[in-house]
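A.B. asks: Next comes data_29.csv, CSV, C-alpha atoms:
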chain,number,residue,atom,x,y,z
A,34,MET,CA,-39.2,-9.7,-52.9
A,35,LEU,CA,-38.8,-13.1,-51.0
A,36,LEU,CA,-40.4,-16.3,-52.1
A,37,PRO,CA,-42.9,-18.0,-49.6
A,38,ILE,CA,-40.4,-20.8,-48.9
A,39,GLU,CA,-37.7,-18.2,-48.1
A,40,GLU,CA,-40.0,-16.4,-45.7
A,41,ASP,CA,-40.7,-19.7,-43.9
A,42,VAL,CA,-36.9,-20.3,-43.5
A,43,LEU,CA,-36.4,-16.8,-42.0
A,44,LYS,CA,-39.3,-17.2,-39.7
A,45,LEU,CA,-38.1,-20.6,-38.5
A,46,GLY,CA,-34.5,-19.2,-37.9
A,47,ALA,CA,-35.9,-16.2,-36.0
A,48,LEU,CA,-38.1,-18.5,-33.8
A,49,ASN,CA,-35.2,-20.8,-33.1
A,50,GLU,CA,-33.0,-17.9,-32.0
A,51,LEU,CA,-35.8,-16.5,-29.9
A,52,SER,CA,-36.3,-19.9,-28.3
A,53,LEU,CA,-32.6,-20.2,-27.4
A,54,SER,CA,-32.6,-16.8,-25.9
A,55,LEU,CA,-35.7,-17.5,-23.8
A,56,GLN,CA,-34.2,-20.8,-22.7
A,57,GLY,CA,-31.0,-19.0,-21.5
A,58,TYR,CA,-33.0,-16.4,-19.6
A,59,LEU,CA,-35.1,-19.1,-18.0
A,60,GLU,CA,-31.9,-20.9,-16.8
A,61,ILE,CA,-30.6,-17.7,-15.3
A,62,LEU,CA,-33.9,-17.1,-13.5
A,63,CYS,CA,-34.0,-20.6,-12.2
A,64,ASN,CA,-30.4,-20.3,-10.8
A,65,LYS,CA,-31.3,-16.9,-9.2
A,66,LYS,CA,-34.4,-18.5,-7.6
A,67,SER,CA,-32.3,-21.4,-6.4
A,68,GLN,CA,-29.8,-19.0,-4.8
A,69,LEU,CA,-32.6,-17.2,-3.0
A,70,ASP,CA,-34.1,-20.5,-1.9
A,71,GLY,CA,-30.7,-21.7,-0.5
A,72,VAL,CA,-30.2,-24.4,-3.1
A,73,LYS,CA,-27.4,-24.8,-5.6
A,74,ILE,CA,-27.8,-26.5,-9.0
A,75,ASN,CA,-24.7,-28.1,-10.6
A,76,GLU,CA,-24.3,-29.0,-14.2
A,77,THR,CA,-26.1,-32.4,-13.9
A,78,GLY,CA,-29.1,-30.7,-12.3
A,79,MET,CA,-28.5,-32.1,-8.8
A,80,LEU,CA,-29.6,-30.0,-5.9
A,81,TYR,CA,-27.5,-29.2,-2.8
A,82,GLU,CA,-29.0,-28.2,0.5
A,83,LYS,CA,-28.0,-24.8,1.9
A,84,GLY,CA,-25.2,-25.1,4.5
A,85,ALA,CA,-23.7,-28.2,2.9
A,86,VAL,CA,-21.4,-28.0,-0.2
A,87,LYS,CA,-22.2,-24.4,-0.9
A,88,ASP,CA,-21.0,-23.2,2.5
A,89,ASP,CA,-17.9,-25.4,2.3
A,90,ASP,CA,-17.1,-23.8,-1.1
A,91,ASP,CA,-17.6,-20.3,0.2
A,92,CYS,CA,-15.5,-20.9,3.3
A,93,LYS,CA,-12.7,-22.3,1.2
A,94,ARG,CA,-12.9,-19.4,-1.1
A,95,ARG,CA,-12.7,-16.9,1.8
A,96,ARG,CA,-9.9,-18.8,3.4
A,97,VAL,CA,-7.9,-18.8,0.1
A,98,ALA,CA,-8.6,-15.0,-0.3
A,99,ILE,CA,-7.2,-14.3,3.2
A,100,GLU,CA,-4.2,-16.6,2.8
A,101,ASP,CA,-3.3,-14.7,-0.3
A,102,THR,CA,-2.7,-11.6,1.8
A,103,ILE,CA,0.1,-13.3,3.8
A,104,LEU,CA,3.5,-11.7,3.0
A,105,GLN,CA,6.7,-13.7,2.6
A,106,LYS,CA,9.7,-12.4,4.5
A,107,GLY,CA,11.1,-9.4,2.5
A,108,THR,CA,14.4,-7.5,2.4
A,109,VAL,CA,13.4,-4.2,3.9
A,110,LYS,CA,14.8,-3.8,7.4
A,111,PHE,CA,14.4,-1.2,10.1
A,112,CYS,CA,17.8,0.1,9.2
A,113,ASP,CA,16.6,0.9,5.7
A,114,VAL,CA,13.9,3.2,7.0
A,115,VAL,CA,15.4,6.7,7.4
A,116,GLY,CA,14.5,8.6,10.6
A,117,LEU,CA,11.2,7.8,12.4
A,118,THR,CA,13.2,6.7,15.5
A,119,ASN,CA,10.2,6.8,17.9
A,120,ALA,CA,7.9,4.9,15.6
A,121,LYS,CA,10.6,2.2,15.0
A,122,GLN,CA,11.1,1.9,18.7
A,123,ALA,CA,7.4,1.5,19.4
A,124,LEU,CA,7.1,-1.2,16.8
A,125,LYS,CA,10.1,-3.0,18.2
A,126,GLU,CA,8.6,-2.9,21.7
A,127,ALA,CA,5.3,-4.2,20.4
A,128,ILE,CA,6.3,-6.8,17.9
A,129,ILE,CA,10.0,-7.6,17.7
A,130,MET,CA,11.0,-7.8,21.3
A,131,PRO,CA,8.1,-10.0,22.5
A,132,LEU,CA,9.0,-12.5,19.8
A,133,GLN,CA,12.7,-12.5,20.6
A,134,PHE,CA,12.4,-12.3,24.4
A,135,PRO,CA,9.0,-13.6,25.4
A,136,HIS,CA,10.1,-14.1,29.0
A,137,LEU,CA,10.3,-10.4,29.5
A,138,PHE,CA,6.7,-9.8,28.7
A,139,THR,CA,4.9,-11.7,31.5
A,140,GLY,CA,2.5,-10.7,34.2
A,141,GLY,CA,1.5,-7.0,34.0
A,142,ARG,CA,4.1,-6.2,31.4
A,143,GLN,CA,2.4,-6.6,28.1
A,144,PRO,CA,3.3,-5.2,24.7
A,145,TRP,CA,1.0,-3.0,22.7
A,146,ARG,CA,-1.4,-5.0,20.6
A,147,ARG,CA,-3.2,-2.5,18.5
A,148,ILE,CA,-1.2,0.3,16.9
A,149,LEU,CA,-2.3,3.0,14.5
A,150,LEU,CA,0.3,4.7,12.2
A,151,TYR,CA,-1.0,8.0,10.7
A,152,GLY,CA,0.6,10.9,8.8
A,153,PRO,CA,0.8,12.5,5.4
A,154,PRO,CA,1.0,10.2,2.4
A,155,GLY,CA,4.5,9.1,1.4
A,156,THR,CA,6.1,9.3,4.8
A,157,GLY,CA,6.9,5.6,5.3
A,158,LYS,CA,3.9,4.1,7.0
A,159,THR,CA,3.7,1.1,4.7
A,160,ARG,CA,7.5,0.8,4.5
A,161,LEU,CA,7.5,0.4,8.3
A,162,ALA,CA,5.0,-2.4,8.0
A,163,GLN,CA,7.2,-4.0,5.4
A,164,ALA,CA,10.2,-3.8,7.7
A,165,VAL,CA,8.2,-5.5,10.5
A,166,ALA,CA,7.4,-8.3,8.1
A,167,SER,CA,11.1,-8.7,7.3
A,168,GLU,CA,12.2,-8.6,10.9
A,169,ILE,CA,9.9,-11.3,12.3
A,170,ASN,CA,9.5,-15.0,11.7
A,171,SER,CA,5.7,-14.9,12.3
A,172,THR,CA,2.8,-14.8,9.9
A,173,PHE,CA,2.3,-11.3,8.5
A,174,TYR,CA,-1.0,-10.4,6.8
A,175,SER,CA,-1.0,-7.3,4.6
A,176,VAL,CA,-4.6,-6.3,3.9
A,177,SER,CA,-6.4,-3.4,2.3
A,178,SER,CA,-10.0,-2.4,2.2
A,179,SER,CA,-10.4,-4.1,-1.2
A,180,ASP,CA,-9.6,-7.5,0.4
A,181,LEU,CA,-12.3,-7.1,3.0
A,182,VAL,CA,-15.1,-5.2,1.4
A,183,SER,CA,-17.4,-7.2,-0.9
A,184,SER,CA,-20.4,-6.2,-3.0
A,185,TRP,CA,-22.3,-9.2,-1.7
A,186,VAL,CA,-24.3,-8.3,1.5
A,187,GLY,CA,-22.9,-10.2,4.5
A,188,GLU,CA,-19.7,-11.3,2.7
A,189,SER,CA,-17.5,-8.5,4.1
A,190,GLU,CA,-18.3,-9.5,7.7
A,191,LYS,CA,-17.4,-13.1,6.9
A,192,LEU,CA,-14.1,-12.0,5.3
A,193,ILE,CA,-13.2,-10.0,8.4
A,194,LYS,CA,-14.1,-12.9,10.7
A,195,GLU,CA,-12.0,-15.2,8.5
A,196,LEU,CA,-9.0,-12.9,8.6
A,197,PHE,CA,-8.8,-12.8,12.4
A,198,HIS,CA,-9.7,-16.5,12.8
A,199,ASN,CA,-6.9,-17.3,10.4
A,200,ALA,CA,-4.5,-15.1,12.4
A,201,ARG,CA,-5.5,-16.7,15.7
A,202,SER,CA,-5.0,-20.2,14.3
A,203,GLN,CA,-1.4,-19.7,13.3
A,204,LEU,CA,1.4,-21.1,15.4
A,205,GLY,CA,3.0,-18.4,17.4
A,206,GLN,CA,2.0,-14.7,17.1
A,207,SER,CA,0.6,-13.2,14.0
A,208,VAL,CA,0.7,-9.6,12.7
A,209,VAL,CA,-2.3,-8.2,10.8
A,210,PHE,CA,-1.6,-5.0,8.8
A,211,ILE,CA,-4.5,-3.1,7.4
A,212,ASP,CA,-3.6,-0.2,5.1
A,213,GLU,CA,-5.9,2.7,4.5
A,214,ILE,CA,-8.0,1.7,7.5
A,215,ASP,CA,-10.1,4.9,7.2
A,216,SER,CA,-11.8,3.5,4.1
A,217,ILE,CA,-13.8,1.0,6.3
A,218,CYS,CA,-13.7,2.7,9.7
A,219,ARG,CA,-15.1,6.2,9.0
A,220,LYS,CA,-17.3,7.9,11.5
A,221,ARG,CA,-20.7,6.3,11.8
A,222,SER,CA,-23.8,8.4,10.9
A,223,MET,CA,-27.5,8.0,10.5
A,224,ARG,CA,-27.3,8.2,6.7
A,225,GLU,CA,-24.9,5.3,6.2
A,226,ASP,CA,-26.1,1.9,4.9
A,227,GLU,CA,-27.0,-0.9,7.2
A,228,TYR,CA,-24.4,-3.3,5.7
A,229,THR,CA,-21.7,-0.7,6.2
A,230,ARG,CA,-22.6,-0.4,9.9
A,231,ARG,CA,-22.4,-4.2,10.2
A,232,ILE,CA,-18.9,-4.2,8.7
A,233,LYS,CA,-17.7,-1.7,11.3
A,234,THR,CA,-19.4,-3.7,14.2
A,235,GLU,CA,-17.8,-6.9,13.1
A,236,LEU,CA,-14.4,-5.3,12.9
A,237,LEU,CA,-14.8,-3.7,16.3
A,238,LYS,CA,-15.7,-7.1,17.8
A,239,GLN,CA,-12.7,-8.8,16.2
A,240,MET,CA,-10.3,-6.1,17.3
A,241,GLU,CA,-11.3,-6.8,20.9
A,242,GLY,CA,-11.7,-10.5,20.4
A,243,THR,CA,-15.0,-10.4,22.3
A,244,ASP,CA,-16.6,-13.4,20.6
A,245,HIS,CA,-13.7,-15.8,21.1
A,246,SER,CA,-12.7,-17.7,24.1
A,247,ALA,CA,-9.1,-17.7,23.0
A,248,SER,CA,-6.9,-14.9,24.2
A,249,PRO,CA,-6.9,-11.8,21.9
A,250,GLN,CA,-3.3,-11.4,22.7
A,251,HIS,CA,-2.5,-14.0,20.0
A,252,PHE,CA,-2.2,-11.5,17.3
A,253,ILE,CA,-1.1,-7.8,16.8
A,254,LEU,CA,-3.1,-5.4,14.8
A,255,LEU,CA,-1.2,-2.7,12.9
A,256,CYS,CA,-3.1,-0.1,10.8
A,257,ALA,CA,-2.2,2.9,8.7
A,258,THR,CA,-4.2,5.9,7.5
A,259,ASN,CA,-3.7,9.3,6.0
A,260,CYS,CA,-6.9,10.7,7.5
A,261,PRO,CA,-7.0,9.8,11.2
A,262,TRP,CA,-9.6,12.5,12.0
A,263,GLU,CA,-12.1,10.6,9.8
A,264,LEU,CA,-11.9,7.4,12.0
A,265,ASP,CA,-14.8,6.6,14.3
A,266,THR,CA,-14.0,7.3,17.9
A,267,ALA,CA,-14.8,3.7,18.8
A,268,PHE,CA,-11.9,2.6,16.6
A,269,LEU,CA,-9.6,5.3,17.8
A,270,ARG,CA,-10.2,4.2,21.4
A,271,ARG,CA,-9.2,0.7,20.7
A,272,PHE,CA,-5.7,1.6,19.3
A,273,GLN,CA,-3.4,1.6,22.3
A,274,LYS,CA,-0.7,3.4,20.4
A,275,ARG,CA,-1.5,6.2,17.8
A,276,ILE,CA,1.8,7.1,16.3
A,277,TYR,CA,2.3,10.2,14.1
A,278,ILE,CA,4.6,9.6,11.1
A,279,PRO,CA,5.7,13.1,10.2
A,280,LEU,CA,7.5,14.6,7.2
A,281,PRO,CA,11.2,13.9,7.3
A,282,ASP,CA,13.5,16.5,9.0
A,283,LYS,CA,16.5,18.1,7.3
A,284,GLU,CA,18.9,15.3,8.2
A,285,ALA,CA,16.4,12.6,7.1
A,286,ARG,CA,15.8,14.4,3.8
A,287,ILE,CA,19.5,14.5,3.0
A,288,ALA,CA,19.8,10.8,3.9
A,289,LEU,CA,16.8,9.9,1.7
A,290,ILE,CA,18.2,11.7,-1.3
A,291,LYS,CA,21.5,9.9,-0.9
A,292,MET,CA,19.7,6.6,-0.5
A,293,HIS,CA,17.8,7.2,-3.7
A,294,LEU,CA,20.9,8.3,-5.6
A,295,ALA,CA,22.5,4.9,-4.7
A,296,ALA,CA,25.6,4.5,-6.9
A,297,THR,CA,24.9,7.3,-9.3
A,298,PRO,CA,27.9,9.7,-9.5
A,299,VAL,CA,27.2,13.1,-7.8
A,300,SER,CA,29.2,16.3,-7.4
A,301,LEU,CA,27.9,18.0,-4.4
A,302,SER,CA,29.9,19.6,-1.6
A,303,ILE,CA,28.8,19.7,2.1
A,304,GLU,CA,27.4,23.2,1.6
A,305,ASP,CA,25.5,22.0,-1.4
A,306,TRP,CA,23.9,19.2,0.6
A,307,CYS,CA,22.9,21.6,3.3
A,308,LEU,CA,21.4,24.0,0.8
A,309,LEU,CA,19.5,21.1,-0.9
A,310,GLY,CA,18.2,19.9,2.5
A,311,ASP,CA,16.7,23.3,3.1
A,312,ARG,CA,15.2,23.7,-0.3
A,313,VAL,CA,13.2,20.4,0.0
A,314,GLU,CA,11.7,21.3,3.3
A,315,GLY,CA,8.1,20.1,3.4
A,316,PHE,CA,8.7,17.3,1.0
A,317,SER,CA,7.6,13.8,1.9
A,318,GLY,CA,9.7,10.7,1.3
A,319,SER,CA,7.7,9.9,-1.9
A,320,ASP,CA,8.2,13.5,-3.2
A,321,LEU,CA,12.0,13.2,-2.6
A,322,SER,CA,12.1,9.9,-4.4
A,323,ASN,CA,10.4,11.5,-7.5
A,324,CYS,CA,12.6,14.6,-7.4
A,325,THR,CA,15.8,12.5,-7.1
A,326,SER,CA,14.8,10.3,-10.0
A,327,ASP,CA,14.1,13.4,-12.1
A,328,ALA,CA,17.4,15.0,-11.1
A,329,MET,CA,19.3,11.8,-12.1
A,330,PHE,CA,17.8,12.1,-15.6
A,331,GLU,CA,19.1,15.7,-16.1
A,332,PRO,CA,22.6,14.6,-17.3
A,333,VAL,CA,21.1,12.0,-19.5
A,334,ARG,CA,18.8,14.6,-21.2
A,335,GLU,CA,21.8,16.7,-22.1
A,336,LEU,CA,23.5,13.8,-24.0
A,337,GLU,CA,21.0,13.9,-26.9
A,338,HIS,CA,22.0,17.5,-27.8
A,339,ASN,CA,25.7,17.3,-26.9
A,340,ALA,CA,28.2,17.5,-29.7
A,341,HIS,CA,31.5,17.7,-27.8
A,342,TRP,CA,33.1,14.8,-26.0
A,343,LYS,CA,36.2,13.9,-24.2
A,344,LEU,CA,37.7,10.4,-24.0
A,345,ASP,CA,38.9,9.4,-20.5
A,346,LYS,CA,41.5,6.9,-19.5
A,347,ASN,CA,38.9,4.1,-19.4
A,348,LEU,CA,37.9,4.9,-23.0
A,349,PHE,CA,34.5,6.3,-22.0
A,350,TYR,CA,33.1,9.4,-23.8
A,351,SER,CA,31.9,12.1,-21.5
A,352,PRO,CA,30.4,15.5,-22.4
A,353,CYS,CA,32.8,18.5,-22.3
A,354,SER,CA,33.2,22.1,-23.5
A,355,GLU,CA,34.4,22.8,-27.0
A,356,ARG,CA,37.3,24.8,-25.6
A,357,GLU,CA,38.8,21.8,-23.8
A,358,ASP,CA,41.9,20.1,-25.2
A,359,ASP,CA,41.4,16.9,-27.2
A,360,CYS,CA,37.8,17.7,-27.7
A,361,ILE,CA,36.0,15.3,-30.0
A,362,HIS,CA,33.2,16.6,-32.3
A,363,SER,CA,30.5,14.0,-32.8
A,364,LEU,CA,26.8,13.3,-32.4
A,365,LEU,CA,25.5,10.9,-29.8
A,366,ILE,CA,24.3,8.4,-32.3
A,367,ASP,CA,27.8,8.2,-33.9
A,368,LEU,CA,29.5,7.0,-30.7
A,369,PRO,CA,29.6,3.5,-29.3
A,370,SER,CA,26.4,3.1,-27.1
A,371,ASP,CA,28.2,1.2,-24.4
A,372,LYS,CA,31.0,3.8,-24.1
A,373,ILE,CA,29.0,6.9,-23.2
A,374,GLN,CA,29.4,8.2,-19.6
A,375,PRO,CA,27.0,11.1,-18.5
A,376,ARG,CA,28.4,13.7,-16.2
A,377,PRO,CA,27.8,13.5,-12.4
A,378,VAL,CA,24.6,14.9,-10.9
A,379,THR,CA,25.1,18.5,-9.5
A,380,LEU,CA,23.2,20.9,-7.3
A,381,ASN,CA,21.9,22.7,-10.4
A,382,ASP,CA,20.2,19.5,-11.5
A,383,PHE,CA,18.2,19.4,-8.3
A,384,LEU,CA,17.4,23.1,-8.4
A,385,ASN,CA,16.1,22.8,-12.0
A,386,VAL,CA,13.9,19.9,-10.9
A,387,LEU,CA,12.6,21.8,-7.8
A,388,SER,CA,11.7,24.7,-10.0
A,389,ARG,CA,9.0,22.6,-11.7
A,390,ASN,CA,8.1,20.2,-8.7
A,391,THR,CA,6.4,21.1,-5.5
A,392,SER,CA,5.5,19.2,-2.3
A,393,THR,CA,2.3,17.2,-2.4
A,394,VAL,CA,1.7,18.0,1.3
A,395,THR,CA,0.4,21.4,2.1
A,396,LYS,CA,1.1,23.4,5.3
A,397,GLU,CA,-2.6,23.2,6.2
A,398,ASP,CA,-2.4,19.4,6.1
A,399,VAL,CA,0.7,19.4,8.4
A,400,GLU,CA,-1.1,21.7,10.8
A,401,ARG,CA,-4.1,19.4,10.9
A,402,PHE,CA,-2.0,16.4,11.6
A,403,GLU,CA,-0.1,18.2,14.4
A,404,GLN,CA,-3.3,19.3,16.0
A,405,PHE,CA,-4.7,15.8,15.9
A,406,THR,CA,-1.4,14.6,17.5
A,407,VAL,CA,-1.8,17.1,20.3
A,408,ASN,CA,-5.4,15.9,21.0
A,409,LEU,CA,-5.2,12.2,20.4
A,410,GLY,CA,-1.8,11.0,19.1
A,411,GLN,CA,1.8,10.5,19.8
A,412,LYS,CA,4.8,11.7,17.8
A,413,GLY,CA,6.8,9.1,16.0
So that I can check it, write out the structure of this file as structure tokens.

C.D. replies:
Amino acid sequence: MLLPIEEDVLKLGALNELSLSLQGYLEILCNKKSQLDGVKINETGMLYEKGAVKDDDDCKRRRVAIEDTILQKGTVKFCDVVGLTNAKQALKEAIIMPLQFPHLFTGGRQPWRRILLYGPPGTGKTRLAQAVASEINSTFYSVSSSDLVSSWVGESEKLIKELFHNARSQLGQSVVFIDEIDSICRKRSMREDEYTRRIKTELLKQMEGTDHSASPQHFILLCATNCPWELDTAFLRRFQKRIYIPLPDKEARIALIKMHLAATPVSLSIEDWCLLGDRVEGFSGSDLSNCTSDAMFEPVRELEHNAHWKLDKNLFYSPCSEREDDCIHSLLIDLPSDKIQPRPVTLNDFLNVLSRNTSTVTKEDVERFEQFTVNLGQKG
């Protein structure tokens, strides 16, 4: 049982805490009311008119957010992209050649300004954009929907406007790459929210450059999507080139596997490579990368359970059969860690990996892309 003086202390403490909480909520409500009234309160209690410091801060924040999407010149070149000859040629005609030979593109001869790359995931659309960024000396913006879509009403339209304004203000020609464009350009319907419709309208205006007196030819728009049939027809119409990035053919599949193997020792004959190229039909570039990485681990997995080794002329220990001459019986942990050499990768390693890995692109997906290409696209 509490004494009267103790009860008074507890009551005073509770009242103080309640007073602090109410004061905090009151400050939050005042700030919210000020935002709705177009006024900003700083720490000293001074008021700022709407359109003054607040707008300057918001503009600066949007400008910084857009400038963060500018890519520095990378190391991926067009020669590093396997296959896709038509797509690379179209991008060279639209972006590379006008920058290198501007005198060739005068009068009626103008390069393509708005290009859509579409195809199954993992076929090299983003890598093509990275190659473009490496090949040119112009400003390259790499943007996704997360960079342009904001939870604040009206902010997304301002970010889109700032992106294209920034691209137009650069010296020389700029390239704007928007990945997963379908996430913000889906078909319009009566059920969508009003702010979503305003985002699409603003992007359509900026693509055409209708609200600017400056020439819209000052920048090139490059977009990529895995679902071209979900794009609104108004957006599809504005893309002068719609290039299909298909799954790699047999020659490209073999070249991709060799590229991912890099300097890893392999033991495959010409017949083995042909058989492997046939077995991975329908695999995307991303699928081939994952399978190759898995196959390169097969010789490493065997080392843990191996107990027979052979010492080569370079004093490296490699796995061998117990029937071989000069066979050394030892466990892996008993050998020098820097002197262990796994066997080369073989065809069986790839076949074992393929027995538990399948393509992430179905035949139905490929047929849908091909039908879209027949109707609205162009093979790349």

A.B. asks: CA of Arg147 (chain A) to CA of Ala98 (chain A): how many Å, to one decimal?

C.D. replies: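 CA of Ala98 (chain A) lies 23.2 Å from CA of Arg147 (chain A).
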
A.B. asks: Counting all atoms listed in the file, figure out which residue out of A:Leu55, A:Ile217, A:Ala296, A:Leu161 gets nearest to Ser179 (chain A).

C.D. replies: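 Between A:Leu55, A:Ile217, A:Ala296, A:Leu161, the residue approaching Ser179 (chain A) most closely is A:Ile217.
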
A.B. asks: Please determine the residues with any atom at most 12 Å from (-8.4, 13.9, 23.7) (coordinates as given in the file, with only C-alpha atoms counting) and report them as a count of residues only.

C.D. replies: 13

A.B. asks: From the list A:Glu337, A:Asp113, A:Asp382, A:Asp215, which residue is nearest Ser177 (chain A) when using only C-alpha atoms?

C.D. replies: A:Asp215

A.B. asks: Which polymer residues have any atom within 9 Å of an atom of region 105-107 of chain A, counting all atoms listed in the file, with same-chain residues fewer than 6 positions away left out, as a ChimeraX atom specification?

C.D. replies: /A:163-164,166-170,172-173

A.B. asks: Choose the residue, out of A:Ser184, A:Ser354, A:Asn64, A:Asn339, that has the smallest atom-to-atom separation from Ile373 (chain A); count all atoms listed in the file.

C.D. replies: A:Asn339
